[in-house]
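**Q** Following this line is target07.cif, made up of mmCIF, C-alpha atoms:
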```
data_target
#
loop_
_atom_site.label_atom_id
_atom_site.label_comp_id
_atom_site.auth_asym_id
_atom_site.auth_seq_id
_atom_site.Cartn_x
_atom_site.Cartn_y
_atom_site.Cartn_z
CA MET K 1 0.00 0.00 0.00
CA GLY K 2 1.12 3.56 -0.61
CA MET K 3 3.78 4.61 -3.13
CA GLN K 4 6.72 2.50 -4.30
CA VAL K 5 9.58 3.52 -6.62
CA TYR K 6 11.30 1.05 -8.95
CA ASN K 7 14.39 1.49 -11.12
CA MET K 8 16.03 -0.63 -13.83
CA GLU K 9 17.42 -3.05 -11.24
CA ASP K 10 13.80 -3.98 -10.46
CA LYS K 11 12.73 -4.45 -14.07
CA GLU K 12 10.95 -7.79 -13.53
CA VAL K 13 8.77 -6.31 -10.77
CA TRP K 14 8.43 -3.11 -12.82
CA ASP K 15 7.01 -4.89 -15.87
CA LYS K 16 4.75 -7.10 -13.74
CA VAL K 17 3.25 -3.93 -12.25
CA VAL K 18 2.79 -2.39 -15.71
CA LYS K 19 1.12 -5.47 -17.20
CA GLY K 20 -1.27 -5.55 -14.25
CA PHE K 21 -2.95 -2.43 -15.69
CA VAL K 22 -5.70 -3.17 -18.22
CA ASN K 23 -4.70 -0.25 -20.46
CA HIS K 24 -0.94 -0.58 -20.17
CA ASP K 25 1.16 0.47 -23.14
CA VAL K 26 4.70 0.06 -24.44
CA TYR K 27 5.77 3.49 -23.11
CA TYR K 28 5.48 2.20 -19.52
CA LEU K 29 7.64 -0.92 -19.91
CA SER K 30 11.17 -0.92 -18.50
CA GLU K 31 12.52 -2.18 -21.84
CA TYR K 32 11.22 0.93 -23.59
CA SER K 33 12.89 3.33 -21.17
CA LYS K 34 16.16 1.40 -21.33
CA ALA K 35 16.85 2.51 -24.91
CA PHE K 36 16.40 6.15 -23.92
CA GLN K 37 18.57 5.70 -20.85
CA ILE K 38 21.29 4.55 -23.28
CA HIS K 39 20.53 7.64 -25.38
CA GLY K 40 21.33 9.81 -22.36
CA ASP K 41 17.83 10.94 -21.38
CA GLY K 42 18.22 10.10 -17.68
CA ASP K 43 17.56 7.24 -15.28
CA PRO K 44 14.16 5.53 -15.65
CA HIS K 45 11.91 5.24 -12.61
CA LEU K 46 8.47 3.72 -12.15
CA PHE K 47 6.27 5.25 -9.43
CA PHE K 48 3.52 2.86 -8.36
CA TYR K 49 0.72 3.80 -5.95
CA GLU K 50 -1.93 1.50 -4.54
CA ASP K 51 -4.62 1.78 -1.87
CA ASP K 52 -7.88 -0.05 -1.12
CA GLN K 53 -9.74 1.73 -3.91
CA MET K 54 -7.37 2.42 -6.80
CA LYS K 55 -3.89 2.02 -8.23
CA ALA K 56 -1.75 4.36 -10.31
CA MET K 57 1.61 4.30 -12.10
CA ASN K 58 3.88 6.84 -13.75
CA VAL K 59 7.20 6.41 -15.58
CA VAL K 60 9.77 9.21 -15.66
CA MET K 61 13.32 9.80 -16.75
CA LYS K 62 15.08 11.27 -13.71
CA ARG K 63 17.72 13.75 -14.90
CA ASP K 64 20.69 14.96 -12.83
CA ILE K 65 20.78 18.72 -13.38
CA ALA K 66 24.53 18.74 -12.66
CA ASN K 67 24.97 16.83 -15.94
CA ASP K 68 23.65 19.80 -17.88
CA ARG K 69 26.75 21.69 -19.11
CA ARG K 70 25.14 25.00 -18.14
CA PHE K 71 25.10 23.90 -14.50
CA ALA K 72 28.49 22.17 -14.39
CA GLY K 73 30.24 23.24 -11.18
CA LYS K 74 27.21 25.28 -10.11
CA VAL K 75 25.14 22.51 -8.53
CA PRO K 76 26.50 19.38 -6.83
CA PRO K 77 26.21 16.08 -8.72
CA ASN K 78 23.61 13.51 -7.69
CA ALA K 79 21.70 16.03 -5.57
CA VAL K 80 19.25 18.02 -7.73
CA PHE K 81 17.05 16.42 -10.38
CA ASP K 82 14.08 16.98 -12.63
CA ALA K 83 11.79 14.46 -14.31
CA VAL K 84 10.30 14.09 -17.78
CA THR K 85 8.12 11.55 -19.56
CA PRO K 86 10.23 9.16 -21.66
CA TYR K 87 10.30 10.05 -25.38
CA GLY K 88 6.74 9.55 -26.57
CA TYR K 89 3.76 9.66 -24.23
CA GLY K 90 2.97 8.71 -20.66
CA GLY K 91 1.81 10.31 -17.44
CA PHE K 92 -0.07 8.62 -14.62
CA LEU K 93 -2.35 5.71 -15.51
CA ILE K 94 -5.03 5.35 -12.85
CA GLU K 95 -7.44 2.43 -12.44
CA GLY K 96 -10.13 1.65 -9.88
CA ASP K 97 -12.41 3.92 -7.89
CA THR K 98 -10.88 7.28 -8.71
CA ASN K 99 -12.65 9.34 -6.08
CA GLN K 100 -11.21 12.68 -5.02
CA ASN K 101 -10.03 11.34 -1.67
CA SER K 102 -7.84 8.69 -3.34
CA LEU K 103 -6.56 11.21 -5.89
CA ASN K 104 -5.59 13.54 -3.05
CA LYS K 105 -3.71 10.70 -1.32
CA LEU K 106 -1.92 9.92 -4.58
CA LYS K 107 -0.98 13.59 -4.99
CA ASP K 108 0.37 13.86 -1.42
CA GLU K 109 2.35 10.61 -1.64
CA TYR K 110 3.80 11.48 -5.03
CA GLU K 111 4.87 14.97 -3.98
CA ARG K 112 6.45 13.57 -0.82
CA LEU K 113 8.45 10.97 -2.72
CA CYS K 114 9.57 13.40 -5.43
CA MET K 115 10.85 15.77 -2.76
CA LYS K 116 12.63 12.84 -1.10
CA GLU K 117 14.19 11.89 -4.47
CA GLY K 118 15.41 15.47 -4.95
CA ILE K 119 13.14 16.05 -7.97
CA VAL K 120 12.54 19.77 -8.41
CA CYS K 121 9.90 19.59 -11.13
CA GLU K 122 8.31 17.33 -13.73
CA PHE K 123 7.27 17.75 -17.37
CA VAL K 124 4.63 15.30 -18.64
CA ARG K 125 3.51 14.36 -22.15
CA PHE K 126 0.11 12.78 -21.59
CA HIS K 127 -1.11 9.80 -23.60
CA PRO K 128 -3.56 10.92 -26.33
CA VAL K 129 -5.17 7.50 -26.82
CA LEU K 130 -5.61 6.71 -23.11
CA LYS K 131 -6.77 10.30 -22.49
CA ASN K 132 -5.14 10.25 -19.06
CA ALA K 133 -4.81 14.04 -18.95
CA ASP K 134 -8.56 14.28 -18.28
CA MET K 135 -8.39 13.34 -14.58
CA GLN K 136 -5.05 14.84 -13.59
CA SER K 137 -5.77 18.51 -13.03
CA SER K 138 -5.30 17.90 -9.29
CA LEU K 139 -1.79 16.52 -9.92
CA TYR K 140 -0.48 18.89 -12.63
CA HIS K 141 -1.12 22.11 -14.46
CA VAL K 142 -2.53 20.63 -17.67
CA PHE K 143 -2.20 22.41 -21.02
CA PRO K 144 -3.98 21.24 -24.22
CA MET K 145 -1.55 21.38 -27.16
CA GLY K 146 -3.21 20.15 -30.34
CA LYS K 147 -4.55 17.25 -32.37
CA THR K 148 -3.02 13.87 -33.04
CA VAL K 149 -4.13 11.09 -35.38
CA THR K 150 -5.28 7.65 -34.27
CA MET K 151 -6.43 4.85 -36.55
CA VAL K 152 -9.13 2.54 -35.19
CA LEU K 153 -8.30 -1.05 -36.14
CA ASP K 154 -11.74 -2.68 -36.17
CA SER K 155 -11.23 -4.36 -39.55
CA LYS K 156 -9.33 -3.93 -42.82
CA GLU K 157 -12.54 -2.72 -44.45
CA ASP K 158 -13.13 -0.10 -41.75
CA ILE K 159 -9.50 1.04 -41.96
CA TRP K 160 -9.86 1.51 -45.72
CA ASN K 161 -13.12 3.41 -45.36
CA THR K 162 -11.67 5.96 -42.90
CA LEU K 163 -8.83 6.88 -45.28
CA THR K 164 -9.30 10.00 -47.37
CA SER K 165 -10.02 9.33 -51.06
CA LYS K 166 -6.68 10.94 -52.00
CA ASN K 167 -4.83 8.61 -49.64
CA ARG K 168 -6.59 5.57 -51.10
CA ASN K 169 -5.44 6.69 -54.54
CA MET K 170 -1.84 7.05 -53.29
CA ILE K 171 -1.95 3.52 -51.83
CA ARG K 172 -3.30 2.13 -55.11
CA LYS K 173 -0.53 3.98 -56.96
CA ALA K 174 2.15 2.43 -54.76
CA GLU K 175 0.73 -1.04 -55.29
CA LYS K 176 0.43 -0.61 -59.06
CA SER K 177 4.02 0.68 -59.20
CA GLY K 178 5.23 -2.58 -57.66
CA VAL K 179 5.93 -1.40 -54.10
CA GLU K 180 5.64 -4.28 -51.61
CA ILE K 181 5.48 -4.15 -47.82
CA PHE K 182 7.19 -6.61 -45.49
CA TRP K 183 8.01 -6.69 -41.78
CA GLY K 184 10.49 -8.37 -39.49
CA ARG K 185 13.18 -8.04 -36.81
CA ASN K 186 16.36 -9.20 -38.51
CA PRO K 187 19.43 -7.21 -37.33
CA SER K 188 20.12 -6.35 -40.98
CA LEU K 189 16.90 -4.31 -41.03
CA PHE K 190 18.19 -2.12 -38.22
CA GLU K 191 21.49 -1.76 -40.09
CA ALA K 192 19.54 -0.57 -43.13
CA PHE K 193 17.32 1.72 -41.07
CA ILE K 194 20.06 3.79 -39.42
CA PRO K 195 21.67 5.49 -42.48
CA LEU K 196 18.30 6.02 -44.18
CA TYR K 197 16.82 7.56 -41.04
CA ASN K 198 19.87 9.79 -40.52
CA GLN K 199 19.47 11.05 -44.10
CA THR K 200 15.88 11.99 -43.30
CA MET K 201 16.98 13.82 -40.15
CA ALA K 202 19.62 15.73 -42.12
CA LYS K 203 17.02 16.72 -44.73
CA ASP K 204 14.68 17.91 -41.97
CA GLU K 205 17.54 19.79 -40.21
CA ALA K 206 16.86 17.88 -37.00
CA THR K 207 18.81 18.59 -33.82
CA ASP K 208 21.54 16.24 -32.59
CA TYR K 209 19.08 14.59 -30.20
CA TYR K 210 17.36 12.76 -33.08
CA TYR K 211 20.53 11.05 -34.27
CA PHE K 212 20.37 7.83 -32.26
CA GLN K 213 23.52 5.74 -31.83
CA LYS K 214 23.88 2.08 -32.72
CA ASN K 215 23.55 0.91 -29.09
CA PHE K 216 20.13 2.61 -28.93
CA TYR K 217 18.91 0.52 -31.86
CA GLU K 218 20.50 -2.59 -30.37
CA SER K 219 18.42 -2.03 -27.23
CA VAL K 220 15.24 -1.68 -29.29
CA HIS K 221 16.13 -4.88 -31.17
CA VAL K 222 17.05 -6.97 -28.11
CA ASP K 223 15.05 -5.53 -25.21
CA LEU K 224 11.84 -4.83 -27.14
CA LYS K 225 11.82 -8.03 -29.18
CA TYR K 226 8.20 -8.75 -28.19
CA HIS K 227 7.05 -5.17 -28.64
CA SER K 228 8.49 -3.85 -31.91
CA LEU K 229 8.71 -4.61 -35.62
CA ILE K 230 10.29 -2.89 -38.59
CA PHE K 231 7.90 -2.49 -41.52
CA TYR K 232 9.65 -1.77 -44.80
CA ALA K 233 8.78 -1.03 -48.42
CA MET K 234 10.61 -2.81 -51.25
CA TYR K 235 10.83 -1.60 -54.84
CA GLU K 236 12.90 -3.33 -57.49
CA GLY K 237 14.91 -5.15 -54.83
CA ARG K 238 15.65 -2.00 -52.82
CA ILE K 239 14.35 -0.82 -49.43
CA ILE K 240 12.82 2.62 -50.01
CA ALA K 241 10.88 3.28 -46.78
CA MET K 242 11.00 1.93 -43.22
CA ALA K 243 9.24 2.43 -39.91
CA ILE K 244 9.81 1.10 -36.40
CA ILE K 245 6.40 0.22 -34.99
CA MET K 246 5.96 -0.24 -31.23
CA PHE K 247 3.11 -2.11 -29.56
CA ALA K 248 1.86 -3.50 -26.25
CA GLY K 249 -1.51 -4.19 -24.69
CA LYS K 250 -4.15 -3.02 -27.17
CA GLN K 251 -2.18 -0.23 -28.85
CA MET K 252 0.31 0.30 -31.67
CA HIS K 253 2.51 3.35 -32.24
CA TYR K 254 4.26 4.85 -35.24
CA HIS K 255 7.67 5.36 -33.63
CA LEU K 256 10.49 6.29 -36.03
CA SER K 257 10.22 6.35 -39.82
CA THR K 258 12.12 7.25 -42.95
CA THR K 259 11.63 7.32 -46.73
CA ASP K 260 14.27 7.50 -49.46
CA VAL K 261 13.70 10.94 -50.98
CA ASN K 262 14.34 9.53 -54.46
CA TYR K 263 11.26 7.31 -54.22
CA GLN K 264 8.76 9.53 -52.43
CA HIS K 265 6.79 9.90 -55.66
CA LEU K 266 5.82 6.22 -55.33
CA ALA K 267 4.06 6.89 -51.99
CA PRO K 268 5.70 3.95 -50.16
CA GLY K 269 4.97 5.52 -46.76
CA ASN K 270 1.23 5.56 -47.47
CA LEU K 271 1.17 1.87 -48.36
CA LEU K 272 3.44 1.02 -45.42
CA LEU K 273 1.17 2.62 -42.82
CA PHE K 274 -1.92 1.05 -44.34
CA GLU K 275 -0.33 -2.41 -44.27
CA ALA K 276 0.91 -1.85 -40.69
CA ALA K 277 -2.63 -0.93 -39.63
CA CYS K 278 -4.03 -4.05 -41.31
CA TRP K 279 -1.40 -6.17 -39.54
CA GLY K 280 -2.47 -4.60 -36.26
CA SER K 281 -6.12 -5.37 -36.89
CA GLU K 282 -5.29 -9.00 -37.76
CA ASN K 283 -3.29 -9.33 -34.54
CA GLY K 284 -5.92 -7.99 -32.16
CA PHE K 285 -4.75 -4.42 -31.61
CA GLU K 286 -7.45 -1.77 -31.23
CA THR K 287 -5.66 1.47 -32.13
CA PHE K 288 -2.66 2.67 -34.13
CA HIS K 289 -1.48 6.08 -32.97
CA LEU K 290 0.39 8.09 -35.63
CA GLY K 291 1.06 11.22 -33.56
CA GLY K 292 0.71 14.80 -34.72
CA GLY K 293 2.64 17.49 -36.53
CA TYR K 294 5.95 19.12 -35.64
CA GLY K 295 5.52 21.17 -32.47
CA CYS K 296 1.83 20.22 -32.34
CA GLN K 297 1.17 22.24 -35.50
CA GLU K 298 -1.35 21.20 -38.15
CA ASP K 299 1.43 21.22 -40.73
CA SER K 300 2.26 19.00 -43.72
CA LEU K 301 3.25 16.13 -41.42
CA TYR K 302 -0.05 16.34 -39.57
CA LYS K 303 -1.96 16.49 -42.88
CA PHE K 304 -0.14 13.36 -44.10
CA LYS K 305 -1.12 11.50 -40.92
CA SER K 306 -4.69 12.82 -40.84
CA ALA K 307 -5.29 11.28 -44.27
CA PHE K 308 -5.29 7.89 -42.50
CA ASN K 309 -8.34 8.68 -40.38
CA LYS K 310 -10.57 11.54 -41.40
CA LYS K 311 -12.57 10.97 -38.19
CA SER K 312 -9.69 10.99 -35.69
CA ASN K 313 -10.47 12.92 -32.51
CA THR K 314 -7.42 12.39 -30.25
CA ASN K 315 -5.70 15.35 -28.63
CA TYR K 316 -2.32 15.93 -27.05
CA ALA K 317 -1.78 17.64 -23.69
CA ILE K 318 1.20 18.34 -21.47
CA GLY K 319 1.52 18.70 -17.71
CA LYS K 320 3.83 20.84 -15.57
CA LYS K 321 4.53 20.47 -11.87
CA ILE K 322 7.00 22.21 -9.55
CA PHE K 323 7.67 20.25 -6.36
CA ASN K 324 10.32 22.55 -4.88
CA GLN K 325 9.62 26.17 -5.83
CA ALA K 326 12.61 27.61 -3.95
CA LYS K 327 15.09 25.30 -5.68
CA TYR K 328 13.40 25.90 -9.04
CA ASP K 329 13.76 29.68 -8.63
CA GLU K 330 17.39 29.22 -7.62
CA LEU K 331 18.09 27.25 -10.80
CA VAL K 332 16.38 29.90 -12.92
CA LYS K 333 18.56 32.55 -11.24
CA ILE K 334 21.73 30.57 -12.03
CA ARG K 335 20.58 30.13 -15.63
CA ASN K 336 19.85 33.86 -15.98
CA GLN K 337 23.37 34.68 -14.78
CA GLU K 338 24.90 32.19 -17.19
CA ALA K 339 22.77 33.44 -20.11
CA LYS K 340 23.33 37.11 -19.17
CA SER K 341 19.65 37.69 -19.96
CA ALA K 342 16.32 36.52 -18.59
CA VAL K 343 15.20 33.10 -19.78
CA ASN K 344 11.78 32.55 -21.31
CA THR K 345 9.63 31.50 -18.35
CA SER K 346 6.99 29.95 -20.67
CA PHE K 347 9.55 27.22 -21.48
CA PHE K 348 9.46 24.42 -18.91
CA PRO K 349 11.56 23.97 -16.97
CA ALA K 350 12.76 27.51 -17.64
CA TYR K 351 16.30 26.79 -16.52
CA ARG K 352 16.73 24.24 -19.33
CA GLN K 353 15.79 26.66 -22.10
#
```
Just give me the structure as structure tokens.
**A**
Amino acid sequence: MGMQVYNMEDKEVWDKVVKGFVNHDVYYLSEYSKAFQIHGDGDPHLFFYEDDQMKAMNVVMKRDIANDRRFAGKVPPNAVFDAVTPYGYGGFLIEGDTNQNSLNKLKDEYERLCMKEGIVCEFVRFHPVLKNADMQSSLYHVFPMGKTVTMVLDSKEDIWNTLTSKNRNMIRKAEKSGVEIFWGRNPSLFEAFIPLYNQTMAKDEATDYYYFQKNFYESVHVDLKYHSLIFYAMYEGRIIAMAIIMFAGKQMHYHLSTTDVNYQHLAPGNLLLFEAACWGSENGFETFHLGGGYGCQEDSLYKFKSAFNKKSNTNYAIGKKIFNQAKYDELVKIRNQEAKSAVNTSFFPAYRQ
């Protein structure tokens, strides 16, 4: 009873807790966080709360602020931390009788433990499909951000009918051109994915964060062997598009993807996502979340995704929470001195701007 905290040394207990939730998802599994720990995002922790009426869990990457170059020598190592949802989506999942009394107990226990862990603040990316932002206004300051796209995987026929007519034409074009879709987990697929994905990131002028190292992909391949597949498009014996698809429980997710710019005119990505959705329906998954646009904008990326479900109604929200206001203000003050100008306080946490 009460709140427990688990780290990667407790991964068997961690994953047993996660799979005990009816609506659990891949983002909550220890194996998912491990890859991003390797990427340098922090140390994964699972917070698990249980009382007589409900249970709740939240996964965070706990980040040592002393490891930020802007605070090197200004704060002691292993003393001051902040927390963020692992890459993707998360936030508390809560099941049971979610009355206000239990929610208040959860809030008090969580705040107490975060203070004990030295966590100054937390930034949350709530789960659009599970809609877990709806009941967490007592835990966080919740901010709606924009739309995302979710495909409902009732049947292949229903999937086809929710595509826009233009998208159906693009899929037919890819098929008539001879594009074929396959999927698998052979290490050679990851070897092929890395340079093609890096080319896409270079074209999109992505920041260094989005260039994942080989050991990151090795973790996805080995640690998530039951929860990931690479779908890929073949044309004239050549791989021209690829996507890493994640899944657990009842949900699939469009994780990382890339298309050879020389073959975009064949619309391999359109056919790939359609075939991935059909695979999901055949294998008992209920939803396939494609995400939204860059920075939550309804841009060209969002429009591409929205063509896969003209009825999609999922929305993305974030949460912000300061546990130690005095320490937070102190960090902002240090950052202002280092930057020689006031940081943008709308960025959260402001000291990491």
**Q** Give as an MDAnalysis selection string the set of residues within 12 Å of the point (-10.6, 13.3, -42.5), where distances use the file's coordinates and only C-alpha atoms.
**A** chainID K and resid 149:151 161:167 302:313
**Q** Under the rule of at most 8 Å, produce a per-residue listing of stretch 35-79 of chain K near stretch 92-102 of chain K: chain, number, name, the closest pair of atoms, and the distance in Å, as a Markdown table, using all atoms listed in the file.
**A**
```
| residue | atom | partner | partner_atom | distance |
| --- | --- | --- | --- | --- |
| K:Asp51 | CA | K:Ser102 | CA | 7.8 |
| K:Gln53 | CA | K:Asp97 | CA | 5.3 |
| K:Met54 | CA | K:Gly96 | CA | 4.2 |
| K:Lys55 | CA | K:Glu95 | CA | 5.5 |
| K:Ala56 | CA | K:Ile94 | CA | 4.3 |
| K:Met57 | CA | K:Phe92 | CA | 5.3 |
| K:Asn58 | CA | K:Phe92 | CA | 4.4 |
| K:Val59 | CA | K:Phe92 | CA | 7.7 |
```
**Q** Written as an mmCIF file with C-alpha atoms, in the frame of the given file, what is the full residue list that the PyMOL selection byres ((chain K and resi 222) around 12) yields on the file shown?
**A**
```cif
data_model
loop_
_atom_site.group_PDB
_atom_site.id
_atom_site.type_symbol
_atom_site.label_atom_id
_atom_site.label_comp_id
_atom_site.auth_asym_id
_atom_site.auth_seq_id
_atom_site.Cartn_x
_atom_site.Cartn_y
_atom_site.Cartn_z
ATOM 1 C CA GLU K 31 12.520 -2.180 -21.840
ATOM 2 C CA TYR K 32 11.220 0.930 -23.590
ATOM 3 C CA LYS K 34 16.160 1.400 -21.330
ATOM 4 C CA ALA K 35 16.850 2.510 -24.910
ATOM 5 C CA ARG K 185 13.180 -8.040 -36.810
ATOM 6 C CA ASN K 186 16.360 -9.200 -38.510
ATOM 7 C CA PRO K 187 19.430 -7.210 -37.330
ATOM 8 C CA PHE K 190 18.190 -2.120 -38.220
ATOM 9 C CA ASN K 215 23.550 0.910 -29.090
ATOM 10 C CA PHE K 216 20.130 2.610 -28.930
ATOM 11 C CA TYR K 217 18.910 0.520 -31.860
ATOM 12 C CA GLU K 218 20.500 -2.590 -30.370
ATOM 13 C CA SER K 219 18.420 -2.030 -27.230
ATOM 14 C CA VAL K 220 15.240 -1.680 -29.290
ATOM 15 C CA HIS K 221 16.130 -4.880 -31.170
ATOM 16 C CA ASP K 223 15.050 -5.530 -25.210
ATOM 17 C CA LEU K 224 11.840 -4.830 -27.140
ATOM 18 C CA LYS K 225 11.820 -8.030 -29.180
ATOM 19 C CA TYR K 226 8.200 -8.750 -28.190
ATOM 20 C CA HIS K 227 7.050 -5.170 -28.640
ATOM 21 C CA SER K 228 8.490 -3.850 -31.910
ATOM 22 C CA LEU K 229 8.710 -4.610 -35.620
#
```
**Q** Please list as a PyMOL selection string every residue within 10 Å of K:Phe143, counting only C-alpha atoms and excluding residues in the same chain fewer than 5 positions away.
**A** chain K and resi 125-126+133+137+316-320
**Q** Just say which residues the PyMOL selection byres ((chain K and resi 273) around 10) picks in this file, as an NGL selection string.
**A** :K and (171 or 181 or 231-232 or 242-243 or 245 or 254 or 268-272 or 274-279 or 288 or 290 or 305 or 308)
**Q** For this file, the PyMOL selection byres ((chain K and resi 257) around 8) selects which residues, as a list in words?
**A**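 Given this file, the PyMOL selection byres ((chain K and resi 257) around 8) evaluates to Tyr197, Ala241, Met242, Ala243, Ile244, Tyr254, His255, Leu256, Thr258 and Thr259 of chain K.
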**Q** Just checking: using only C-alpha atoms, which residue out of K:Arg69, K:Arg352, K:Lys19, K:Lys105 ends up closest to K:Glu50?
**A**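 Selected residue with least distance to K:Glu50: K:Lys105.
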**Q** Can you write out as CSV which residues of stretch 71-179 of chain K fall within 12 Å of stretch 324-340 of chain K, alongside each residue's closest atom pair and its distance in Å to one decimal, counting all atoms listed in the file and ordering rows by chain and ascending residue number?
**A**
```
residue,atom,partner,partner_atom,distance
K:Phe71,CA,K:Arg335,CA,7.8
K:Ala72,CA,K:Glu338,CA,11.0
K:Gly73,CA,K:Ile334,CA,11.3
K:Lys74,CA,K:Ile334,CA,7.9
K:Val75,CA,K:Leu331,CA,8.8
K:Ala79,CA,K:Lys327,CA,11.4
K:Val80,CA,K:Lys327,CA,8.6
K:Phe81,CA,K:Lys327,CA,10.2
K:Asp82,CA,K:Tyr328,CA,9.6
K:Glu111,CA,K:Asn324,CA,9.4
K:Arg112,CA,K:Asn324,CA,10.6
K:Leu113,CA,K:Asn324,CA,11.9
K:Cys114,CA,K:Asn324,CA,9.2
K:Met115,CA,K:Asn324,CA,7.1
K:Lys116,CA,K:Asn324,CA,10.7
K:Glu117,CA,K:Asn324,CA,11.3
K:Gly118,CA,K:Asn324,CA,8.7
K:Ile119,CA,K:Asn324,CA,7.7
K:Val120,CA,K:Asn324,CA,5.0
K:Cys121,CA,K:Asn324,CA,6.9
K:Glu122,CA,K:Asn324,CA,10.5
```
